[in-house]
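Enquirer: Pasting model_18.txt below, which is compact mmCIF, C-alpha atoms.
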```
# COMPACT_ATOMS: atom_id res chain seq x y z
CA MET A 1 122.96 64.99 -0.85
CA ARG A 2 126.49 65.94 0.32
CA ASP A 3 128.23 68.35 -1.99
CA ARG A 4 131.82 67.34 -1.21
CA PRO A 5 132.46 64.53 -3.69
CA GLN A 6 136.23 65.12 -3.66
CA SER A 7 136.56 64.69 0.07
CA ASP A 8 134.16 61.73 -0.09
CA THR A 9 136.42 60.00 -2.59
CA ARG A 10 139.40 60.69 -0.37
CA GLU A 11 137.58 59.15 2.61
CA ARG A 12 136.53 56.13 0.55
CA ILE A 13 140.14 55.53 -0.48
CA ILE A 14 141.25 55.68 3.16
CA THR A 15 138.50 53.26 4.19
CA ALA A 16 139.36 50.80 1.41
CA ALA A 17 143.07 51.00 2.19
CA ASP A 18 142.47 50.49 5.90
CA ARG A 19 140.48 47.35 5.16
CA LEU A 20 143.04 45.93 2.70
CA PHE A 21 145.99 46.69 5.01
CA ARG A 22 144.18 44.73 7.73
CA GLU A 23 143.14 41.86 5.49
CA ILE A 24 146.11 41.39 3.15
CA GLY A 25 148.83 43.27 5.03
CA TYR A 26 150.51 46.57 4.27
CA GLN A 27 153.40 45.27 2.16
CA LYS A 28 151.23 43.05 -0.04
CA THR A 29 148.60 45.71 -0.72
CA THR A 30 149.24 47.82 -3.83
CA VAL A 31 147.70 51.13 -4.86
CA ALA A 32 146.19 49.15 -7.77
CA ASP A 33 144.47 46.81 -5.27
CA ILE A 34 143.00 49.78 -3.44
CA ALA A 35 141.78 51.32 -6.72
CA ARG A 36 140.28 48.00 -7.87
CA THR A 37 138.12 47.53 -4.74
CA LEU A 38 136.72 51.02 -5.38
CA GLY A 39 136.15 50.42 -9.07
CA MET A 40 138.47 53.27 -10.02
CA SER A 41 141.81 53.58 -11.79
CA PRO A 42 145.12 53.76 -9.91
CA ALA A 43 145.62 57.16 -11.60
CA ASN A 44 142.51 58.41 -9.83
CA VAL A 45 143.84 57.26 -6.46
CA TYR A 46 147.10 59.08 -7.22
CA ARG A 47 145.07 62.28 -7.73
CA PHE A 48 144.39 62.14 -4.00
CA PHE A 49 147.50 60.45 -2.60
CA SER A 50 151.02 60.64 -4.02
CA SER A 51 152.03 57.21 -2.68
CA LYS A 52 151.02 54.20 -0.60
CA LYS A 53 152.94 55.82 2.25
CA ALA A 54 150.68 58.90 1.98
CA ILE A 55 147.62 56.64 2.13
CA ASN A 56 148.95 54.87 5.23
CA GLU A 57 149.62 58.25 6.78
CA ALA A 58 145.97 59.18 6.18
CA VAL A 59 144.80 55.87 7.65
CA THR A 60 146.99 56.49 10.72
CA ALA A 61 145.71 60.07 11.03
CA ARG A 62 142.13 58.84 10.92
CA CYS A 63 142.73 56.14 13.55
CA THR A 64 144.48 58.53 15.92
CA ALA A 65 141.79 61.21 15.38
CA GLU A 66 139.15 58.64 16.29
CA ILE A 67 140.97 57.85 19.54
CA ARG A 68 141.24 61.54 20.40
CA MET A 69 137.54 62.06 19.71
CA ARG A 70 136.73 59.44 22.34
CA LEU A 71 139.20 60.98 24.78
CA GLU A 72 137.79 64.48 24.19
CA ALA A 73 134.30 63.18 24.97
CA VAL A 74 135.50 61.75 28.30
CA ALA A 75 137.46 64.90 29.14
CA ALA A 76 134.47 67.15 28.44
CA SER A 77 131.98 65.18 30.53
CA GLY A 78 130.67 66.86 33.65
CA ARG A 79 132.14 64.34 36.12
CA PRO A 80 134.75 65.12 38.79
CA ALA A 81 138.29 65.43 37.43
CA ALA A 82 139.59 62.31 39.19
CA GLU A 83 136.81 60.21 37.65
CA ARG A 84 137.43 61.75 34.24
CA MET A 85 141.17 61.14 34.50
CA ARG A 86 140.64 57.48 35.38
CA ALA A 87 138.11 57.07 32.55
CA LEU A 88 140.48 58.86 30.18
CA LEU A 89 143.29 56.40 30.87
CA LEU A 90 141.05 53.36 30.55
CA THR A 91 139.48 54.74 27.36
CA ALA A 92 142.92 55.38 25.83
CA HIS A 93 143.80 51.73 26.41
CA GLN A 94 140.45 50.44 25.24
CA SER A 95 140.42 52.57 22.07
CA VAL A 96 143.84 51.31 20.98
CA LEU A 97 142.82 47.72 21.71
CA GLU A 98 139.61 48.10 19.70
CA LEU A 99 141.59 49.16 16.63
CA GLY A 100 142.74 45.54 16.56
CA VAL A 101 146.38 46.55 16.99
CA THR A 102 147.46 43.17 18.31
CA ASP A 103 146.67 41.55 14.97
CA ALA A 104 149.84 40.69 13.05
CA LYS A 105 148.76 42.52 9.88
CA MET A 106 147.87 45.63 11.85
CA GLN A 107 151.26 45.42 13.56
CA GLU A 108 152.90 45.51 10.13
CA MET A 109 150.93 48.60 9.12
CA ILE A 110 151.64 50.32 12.44
CA ALA A 111 155.36 49.55 12.29
CA VAL A 112 155.49 51.20 8.85
CA ALA A 113 153.51 54.19 10.14
CA MET A 114 155.83 54.55 13.14
CA ALA A 115 158.88 54.40 10.91
CA GLU A 116 157.66 56.46 7.95
CA SER A 117 154.95 58.73 9.36
CA TRP A 118 156.30 59.49 12.81
CA GLY A 119 155.10 63.09 12.49
CA VAL A 120 151.46 61.94 12.62
CA ILE A 121 152.11 59.84 15.73
CA ARG A 122 154.07 62.63 17.38
CA ALA A 123 151.32 65.16 16.75
CA HIS A 124 148.82 62.70 18.20
CA ILE A 125 150.93 62.29 21.35
CA GLU A 126 151.09 66.08 21.78
CA GLU A 127 147.32 66.40 21.42
CA VAL A 128 146.74 63.57 23.89
CA ASP A 129 149.05 65.36 26.33
CA ALA A 130 146.92 68.49 25.91
CA ILE A 131 143.73 66.55 26.75
CA ILE A 132 145.32 64.96 29.83
CA THR A 133 146.73 68.30 30.94
CA ARG A 134 143.32 69.95 30.70
CA VAL A 135 141.73 67.40 33.06
CA LEU A 136 144.76 67.74 35.31
CA ARG A 137 144.25 71.52 35.62
CA ASP A 138 140.56 70.99 36.41
CA GLY A 139 141.50 68.56 39.19
CA VAL A 140 144.05 70.92 40.69
CA ALA A 141 141.54 73.76 40.55
CA SER A 142 138.87 71.66 42.27
CA GLY A 143 141.30 70.47 44.93
CA GLU A 144 141.06 66.84 43.79
CA PHE A 145 144.73 66.72 42.74
CA VAL A 146 147.76 68.12 44.52
CA PRO A 147 149.24 71.11 42.68
CA SER A 148 152.00 70.34 40.17
CA ASP A 149 153.18 71.76 36.87
CA PRO A 150 150.60 70.32 34.43
CA GLU A 151 153.02 70.74 31.51
CA VAL A 152 155.33 68.26 33.25
CA THR A 153 152.81 66.01 34.97
CA GLY A 154 150.63 65.59 31.86
CA PRO A 155 153.42 64.01 29.81
CA CYS A 156 154.44 61.88 32.84
CA ILE A 157 150.92 60.44 32.97
CA ARG A 158 151.00 59.67 29.25
CA ALA A 159 154.44 58.04 29.56
CA ALA A 160 153.26 55.97 32.53
CA MET A 161 150.48 54.54 30.34
CA MET A 162 152.63 53.50 27.38
CA ARG A 163 152.52 49.80 28.18
CA PHE A 164 148.73 50.00 27.68
CA CYS A 165 148.56 52.37 24.71
CA HIS A 166 151.55 51.65 22.48
CA PRO A 167 150.44 49.03 19.94
CA GLY A 168 153.80 47.24 19.96
CA LEU A 169 153.91 47.01 23.75
CA LEU A 170 150.33 45.79 24.01
CA THR A 171 151.38 42.84 21.90
CA GLN A 172 154.79 42.29 23.45
CA CYS A 173 153.61 42.48 27.07
CA HIS A 174 150.38 40.52 26.73
CA ASP A 175 151.75 37.67 28.87
CA ILE A 176 152.99 39.90 31.69
CA PRO A 177 149.98 39.84 34.02
CA ARG A 178 150.87 42.81 36.21
CA PRO A 179 150.04 45.59 36.36
CA THR A 180 146.50 45.51 35.00
CA VAL A 181 145.38 48.71 33.30
CA GLU A 182 143.12 49.48 36.29
CA GLN A 183 146.06 49.09 38.69
CA GLN A 184 148.16 51.41 36.53
CA ALA A 185 145.37 54.01 36.40
CA ASP A 186 145.05 53.91 40.22
CA PHE A 187 148.83 54.20 40.55
CA ILE A 188 148.76 57.31 38.35
CA LEU A 189 145.92 58.81 40.38
CA SER A 190 148.04 58.23 43.50
CA ALA A 191 150.77 60.32 41.91
CA LEU A 192 148.21 63.11 41.61
CA GLY A 193 147.51 62.84 45.33
CA HIS A 194 144.26 60.99 44.80
CA HIS A 195 144.88 57.77 46.70
CA ALA A 196 142.29 55.02 46.29
CA ARG A 197 140.49 54.29 49.54
CA SER A 198 141.47 50.83 50.76
CA MET B 199 195.10 29.83 36.88
CA ARG B 200 191.33 29.29 36.63
CA ASP B 201 190.28 25.68 36.32
CA ARG B 202 187.03 26.21 34.40
CA PRO B 203 188.20 26.20 30.78
CA GLN B 204 184.80 25.04 29.51
CA SER B 205 182.93 27.93 31.01
CA ASP B 206 185.71 30.30 29.90
CA THR B 207 185.24 29.18 26.30
CA ARG B 208 181.51 29.69 26.64
CA GLU B 209 182.06 33.23 27.92
CA ARG B 210 184.55 33.99 25.15
CA ILE B 211 182.01 32.87 22.54
CA ILE B 212 179.36 35.16 24.07
CA THR B 213 181.80 38.08 24.10
CA ALA B 214 182.85 37.52 20.48
CA ALA B 215 179.23 37.15 19.36
CA ASP B 216 178.17 40.28 21.22
CA ARG B 217 180.90 42.26 19.46
CA LEU B 218 180.08 40.88 16.00
CA PHE B 219 176.34 41.40 16.41
CA ARG B 220 177.09 45.04 17.26
CA GLU B 221 179.61 45.54 14.47
CA ILE B 222 178.20 43.52 11.57
CA GLY B 223 174.60 43.07 12.68
CA TYR B 224 172.78 39.97 13.89
CA GLN B 225 171.52 38.70 10.54
CA LYS B 226 174.86 39.03 8.77
CA THR B 227 176.88 37.34 11.52
CA THR B 228 177.30 33.58 11.09
CA VAL B 229 178.39 31.00 13.63
CA ALA B 230 181.43 30.53 11.37
CA ASP B 231 182.28 34.25 11.77
CA ILE B 232 182.12 33.91 15.54
CA ALA B 233 184.30 30.81 15.48
CA ARG B 234 186.84 32.48 13.17
CA THR B 235 187.39 35.50 15.43
CA LEU B 236 188.14 33.05 18.25
CA GLY B 237 190.45 30.88 16.13
CA MET B 238 188.26 27.85 16.64
CA SER B 239 186.11 25.63 14.42
CA PRO B 240 182.34 26.16 14.05
CA ALA B 241 181.97 22.60 15.39
CA ASN B 242 183.58 23.72 18.63
CA VAL B 243 181.14 26.63 18.96
CA TYR B 244 178.28 24.18 18.41
CA ARG B 245 179.58 22.12 21.35
CA PHE B 246 178.51 25.05 23.53
CA PHE B 247 175.54 26.51 21.63
CA SER B 248 173.12 24.62 19.45
CA SER B 249 172.35 27.63 17.22
CA LYS B 250 172.91 31.33 16.61
CA LYS B 251 169.62 31.89 18.40
CA ALA B 252 171.05 30.16 21.49
CA ILE B 253 174.10 32.43 21.34
CA ASN B 254 171.92 35.53 21.09
CA GLU B 255 169.93 34.27 24.05
CA ALA B 256 173.16 34.01 26.05
CA VAL B 257 174.22 37.52 24.96
CA THR B 258 170.80 38.84 26.04
CA ALA B 259 171.00 36.97 29.35
CA ARG B 260 174.41 38.47 30.04
CA CYS B 261 173.28 42.02 29.21
CA THR B 262 170.20 41.78 31.38
CA ALA B 263 172.19 40.19 34.23
CA GLU B 264 174.62 43.12 34.07
CA ILE B 265 171.74 45.59 34.37
CA ARG B 266 170.33 43.71 37.37
CA MET B 267 173.75 43.65 39.05
CA ARG B 268 173.81 47.45 38.91
CA LEU B 269 170.25 47.66 40.19
CA GLU B 270 171.00 45.24 43.04
CA ALA B 271 173.94 47.41 44.09
CA VAL B 272 171.70 50.48 44.27
CA ALA B 273 168.96 48.60 46.11
CA ALA B 274 171.39 47.23 48.70
CA SER B 275 173.04 50.56 49.50
CA GLY B 276 172.40 51.99 52.97
CA ARG B 277 170.56 55.12 51.79
CA PRO B 278 166.92 55.99 52.58
CA ALA B 279 164.41 54.05 50.50
CA ALA B 280 163.14 57.10 48.60
CA GLU B 281 166.69 57.96 47.52
CA ARG B 282 167.36 54.36 46.56
CA MET B 283 164.13 54.17 44.56
CA ARG B 284 164.98 57.31 42.62
CA ALA B 285 168.54 56.08 41.97
CA LEU B 286 167.16 52.69 40.96
CA LEU B 287 164.94 54.21 38.26
CA LEU B 288 167.68 56.47 36.90
CA THR B 289 170.16 53.58 36.93
CA ALA B 290 167.75 51.34 35.05
CA HIS B 291 167.49 53.97 32.32
CA GLN B 292 171.21 54.71 32.28
CA SER B 293 172.19 51.01 32.16
CA VAL B 294 170.00 50.33 29.14
CA LEU B 295 171.31 53.43 27.37
CA GLU B 296 174.90 52.41 28.04
CA LEU B 297 174.34 49.09 26.31
CA GLY B 298 174.15 51.18 23.15
CA VAL B 299 170.59 50.05 22.46
CA THR B 300 169.78 53.00 20.22
CA ASP B 301 172.33 51.83 17.65
CA ALA B 302 170.62 50.34 14.58
CA LYS B 303 172.60 47.08 14.73
CA MET B 304 171.82 46.64 18.42
CA GLN B 305 168.15 47.28 17.62
CA GLU B 306 168.27 44.41 15.15
CA MET B 307 169.77 42.05 17.74
CA ILE B 308 167.29 43.17 20.40
CA ALA B 309 164.31 42.77 18.08
CA VAL B 310 165.38 39.17 17.41
CA ALA B 311 165.88 38.54 21.13
CA MET B 312 162.44 39.97 21.94
CA ALA B 313 160.85 37.81 19.28
CA GLU B 314 162.80 34.59 19.76
CA SER B 315 164.02 34.69 23.36
CA TRP B 316 161.14 36.40 25.12
CA GLY B 317 161.57 34.04 28.08
CA VAL B 318 164.91 35.67 28.98
CA ILE B 319 163.38 39.16 28.80
CA ARG B 320 160.34 38.11 30.78
CA ALA B 321 162.47 36.56 33.52
CA HIS B 322 164.51 39.76 33.63
CA ILE B 323 161.34 41.85 34.06
CA GLU B 324 160.21 39.62 36.94
CA GLU B 325 163.57 39.95 38.68
CA VAL B 326 163.56 43.73 38.21
CA ASP B 327 160.07 43.81 39.73
CA ALA B 328 161.45 41.90 42.72
CA ILE B 329 164.26 44.45 43.22
CA ILE B 330 161.83 47.39 42.97
CA THR B 331 159.39 45.68 45.33
CA ARG B 332 162.11 45.15 47.93
CA VAL B 333 162.97 48.87 48.05
CA LEU B 334 159.26 49.63 48.14
CA ARG B 335 158.76 47.45 51.24
CA ASP B 336 161.72 49.15 52.94
CA GLY B 337 160.17 52.56 52.23
CA VAL B 338 156.77 51.54 53.57
CA ALA B 339 158.43 50.09 56.68
CA SER B 340 160.41 53.29 57.27
CA GLY B 341 157.35 55.48 56.73
CA GLU B 342 158.83 57.10 53.62
CA PHE B 343 156.16 55.64 51.32
CA VAL B 344 152.42 55.36 51.90
CA PRO B 345 151.33 51.74 52.44
CA SER B 346 150.23 49.87 49.31
CA ASP B 347 150.38 46.30 48.05
CA PRO B 348 154.03 46.03 46.89
CA GLU B 349 153.16 43.14 44.56
CA VAL B 350 150.90 45.55 42.65
CA THR B 351 152.79 48.82 43.07
CA GLY B 352 156.17 47.31 42.12
CA PRO B 353 155.01 46.29 38.63
CA CYS B 354 153.21 49.65 38.25
CA ILE B 355 156.52 51.44 38.86
CA ARG B 356 158.29 49.27 36.31
CA ALA B 357 155.51 49.83 33.75
CA ALA B 358 155.63 53.59 34.35
CA MET B 359 159.34 53.54 33.43
CA MET B 360 159.01 51.65 30.14
CA ARG B 361 159.54 54.69 27.94
CA PHE B 362 163.01 54.99 29.53
CA CYS B 363 164.00 51.32 29.75
CA HIS B 364 162.55 49.56 26.71
CA PRO B 365 165.21 49.68 23.98
CA GLY B 366 162.69 50.16 21.18
CA LEU B 367 160.92 53.03 22.96
CA LEU B 368 164.17 54.78 23.84
CA THR B 369 164.84 54.98 20.13
CA GLN B 370 161.30 55.74 19.02
CA CYS B 371 160.65 58.47 21.60
CA HIS B 372 164.03 60.19 21.47
CA ASP B 373 162.50 63.34 19.92
CA ILE B 374 159.68 63.63 22.46
CA PRO B 375 161.24 65.99 25.00
CA ARG B 376 158.84 65.41 27.88
CA PRO B 377 158.90 63.88 30.35
CA THR B 378 162.61 63.69 31.16
CA VAL B 379 163.66 60.59 33.08
CA GLU B 380 164.11 62.73 36.22
CA GLN B 381 160.57 64.09 35.89
CA GLN B 382 159.22 60.57 35.48
CA ALA B 383 161.16 59.35 38.54
CA ASP B 384 159.72 62.22 40.62
CA PHE B 385 156.24 61.47 39.31
CA ILE B 386 156.63 57.85 40.42
CA LEU B 387 157.87 58.91 43.85
CA SER B 388 154.74 61.10 44.13
CA ALA B 389 152.64 58.00 43.57
CA LEU B 390 154.41 56.48 46.57
CA GLY B 391 153.37 59.47 48.66
CA HIS B 392 156.83 61.00 48.52
CA HIS B 393 156.11 64.37 46.91
CA ALA B 394 159.13 66.41 45.91
CA ARG B 395 159.41 69.60 47.94
CA SER B 396 158.73 72.58 45.71
```
What does this structure look like when you write it as structure tokens?
Expert:
Amino acid sequence: MRDRPQSDTRERIITAADRLFREIGYQKTTVADIARTLGMSPANVYRFFSSKKAINEAVTARCTAEIRMRLEAVAASGRPAAERMRALLLTAHQSVLELGVTDAKMQEMIAVAMAESWGVIRAHIEEVDAIITRVLRDGVASGEFVPSDPEVTGPCIRAAMMRFCHPGLLTQCHDIPRPTVEQQADFILSALGHHARS
Amino acid sequence: MRDRPQSDTRERIITAADRLFREIGYQKTTVADIARTLGMSPANVYRFFSSKKAINEAVTARCTAEIRMRLEAVAASGRPAAERMRALLLTAHQSVLELGVTDAKMQEMIAVAMAESWGVIRAHIEEVDAIITRVLRDGVASGEFVPSDPEVTGPCIRAAMMRFCHPGLLTQCHDIPRPTVEQQADFILSALGHHARS
């Protein structure tokens, strides 16, 4: 009953591409493969995306938007800021993990996205910083966090979490047992003046 | 006048390989190229290293040892622990940068080392953790840092610095202006209970 067939087709192409990139790998997947699984012509796919790179960019944009949606939900919950911040950091890690980023074929797709569609990743990082910064302000206002410049501290928090949120690092560091993501989240909360009771 | 010609030859091979990997690139450099620049036969190089991979491992081990030497010097200086910790973090960043890691040919060599000689990198990370942890204990003993388990907090500090010390991230994140390395170091000191006076 939806009256947006054009955007539906676009979404179906992204979904099919996402699946093929994961199953066959980015390099081996062609626009013709994507069209075939949808029972359409390559020319029709090209009506929506100018290149395989553009499709990968859309897949990346969808994945990152999905992560932000989960982060937004945590940030908007009614819990105290310190609890929300901790949940935000753990959710960021969990969301990236659940994308299956440690799979070799996903790594290939992500490496291409990082190299060719950095703008999408960069915009995602800025929006994540904005979510973190919002919770940070709430915590300073409520007295849970010590005052600091949120425009500086927000990005510091994001940078301190990279080992748990950057797909390449998640794979590379999997055999380095410490810190755990919970330990890193507590460490970050300490930096905000919210020391865990021991 | 040194009486260790064998180890001298080994060191000369590492130096020549390091230079060629940086100039020509890892893939394009052959063991024969390395031998030629030293005026020796490939067979002689193979007396010291079983493969190009083994040479790259030795180059990586030398680079990482050099970084640790600089970190050890900072850690052993007589300054207060908080000052030493801050200097340690900035030195870690500066040392990696000075290796020229953001150069494309160095990136190639490092990517191979990370993939094929992860053991060397992992051992380096453990030794860096030990240096950080030592300064941490000093700071807790002197009352500069709030008490915490150094075996947990040390790795957290290292993980929080990855964006500034991991060669791949230094390159990938170069256009993300925040945080600066100084901001990240201050953030980490906050986590240790040493809040910068504002």
Enquirer: Residues of chain B near chain A: apply a cut-off of 10 Å, count only C-alpha atoms, and supply the list as a ChimeraX atom specification.
Expert: /B:312-313,316,320,323-324,327,344,346,349-362,364,366-367,370-371,373-379,381-394,396
Enquirer: Need to verify the contact set: segment 294-309 of chain B, 7 Å, all atoms listed in the file, exclusion of same-chain residues closer than 4 positions in sequence. Can you return it as a short mmCIF file (atom, residue, chain, number, x, y, z; two decimals) with C-alpha atoms, in the frame of the given file?
Expert:
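result_34.cif, written as the output of this step:
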```cif
data_model
loop_
_atom_site.label_atom_id
_atom_site.label_comp_id
_atom_site.auth_asym_id
_atom_site.auth_seq_id
_atom_site.Cartn_x
_atom_site.Cartn_y
_atom_site.Cartn_z
CA PHE B 219 176.34 41.40 16.41
CA ARG B 220 177.09 45.04 17.26
CA GLY B 223 174.60 43.07 12.68
CA TYR B 224 172.78 39.97 13.89
CA ALA B 290 167.75 51.34 35.05
CA ALA B 313 160.85 37.81 19.28
CA CYS B 363 164.00 51.32 29.75
CA PRO B 365 165.21 49.68 23.98
CA LEU B 368 164.17 54.78 23.84
CA THR B 369 164.84 54.98 20.13
#
```
Enquirer: Let me have the centre and edge lengths in Å, one decimal, of the box along x, y and z around every listed atom of segment 61-78 of chain A with 6 Å of margin on each side, as AutoDock Vina command-line options.
Expert:
```
--center_x 138.2 --center_y 61.6 --center_z 22.3 --size_x 27.0 --size_y 23.0 --size_z 34.7
```
Enquirer: Tell me which protein, DNA and RNA residues are within 10 Å of segment 11-19 of chain A, counting all atoms listed in the file, leaving out same-chain ones fewer than 5 positions away, and put them as an mmCIF file with C-alpha atoms, in the coordinates of the input.
Expert:
```
data_model
loop_
_atom_site.group_PDB
_atom_site.id
_atom_site.type_symbol
_atom_site.label_atom_id
_atom_site.label_comp_id
_atom_site.auth_asym_id
_atom_site.auth_seq_id
_atom_site.Cartn_x
_atom_site.Cartn_y
_atom_site.Cartn_z
ATOM 1 C CA PRO A 5 132.460 64.530 -3.690
ATOM 2 C CA GLN A 6 136.230 65.120 -3.660
ATOM 3 C CA ILE A 24 146.110 41.390 3.150
ATOM 4 C CA GLY A 25 148.830 43.270 5.030
ATOM 5 C CA TYR A 26 150.510 46.570 4.270
ATOM 6 C CA THR A 29 148.600 45.710 -0.720
ATOM 7 C CA THR A 30 149.240 47.820 -3.830
ATOM 8 C CA VAL A 31 147.700 51.130 -4.860
ATOM 9 C CA ASP A 33 144.470 46.810 -5.270
ATOM 10 C CA ILE A 34 143.000 49.780 -3.440
ATOM 11 C CA ALA A 35 141.780 51.320 -6.720
ATOM 12 C CA ARG A 36 140.280 48.000 -7.870
ATOM 13 C CA THR A 37 138.120 47.530 -4.740
ATOM 14 C CA LEU A 38 136.720 51.020 -5.380
ATOM 15 C CA MET A 40 138.470 53.270 -10.020
ATOM 16 C CA VAL A 45 143.840 57.260 -6.460
ATOM 17 C CA PHE A 48 144.390 62.140 -4.000
ATOM 18 C CA PHE A 49 147.500 60.450 -2.600
ATOM 19 C CA LYS A 52 151.020 54.200 -0.600
ATOM 20 C CA ILE A 55 147.620 56.640 2.130
ATOM 21 C CA ASN A 56 148.950 54.870 5.230
ATOM 22 C CA GLU A 57 149.620 58.250 6.780
ATOM 23 C CA ALA A 58 145.970 59.180 6.180
ATOM 24 C CA VAL A 59 144.800 55.870 7.650
ATOM 25 C CA THR A 60 146.990 56.490 10.720
ATOM 26 C CA ARG A 62 142.130 58.840 10.920
ATOM 27 C CA CYS A 63 142.730 56.140 13.550
ATOM 28 C CA MET A 106 147.870 45.630 11.850
ATOM 29 C CA MET A 109 150.930 48.600 9.120
#
```
Enquirer: What does the distance from atom CA of Val135 of chain A to atom CA of Ile67 of chain A come to in Å, to one decimal?
Expert: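 Computed distance, atom CA of Val135 of chain A to atom CA of Ile67 of chain A, equals 16.6 Å.
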Enquirer: Skip Arg137 of chain A itself and residues of its chain fewer than 4 positions away, then list as a ChimeraX atom specification all residues within 8 Å of it, counting all atoms listed in the file.
Expert: /A:133,141,150
Enquirer: Go through B:Ser293, B:Asn242, B:Ala279, B:Gly337 and flag the residue nearest Met267 of chain B, using all atoms listed in the file for the distances.
Expert: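 That would be B:Ser293, the residue with the smallest distance to Met267 of chain B.
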Enquirer: Of the candidates B:Glu380, B:Glu325, B:Glu314, B:Glu221, which one gets nearest to Ala263 of chain B if we count only C-alpha atoms?
Expert: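 Looking at the shortest contact to Ala263 of chain B, the residue is B:Glu325.
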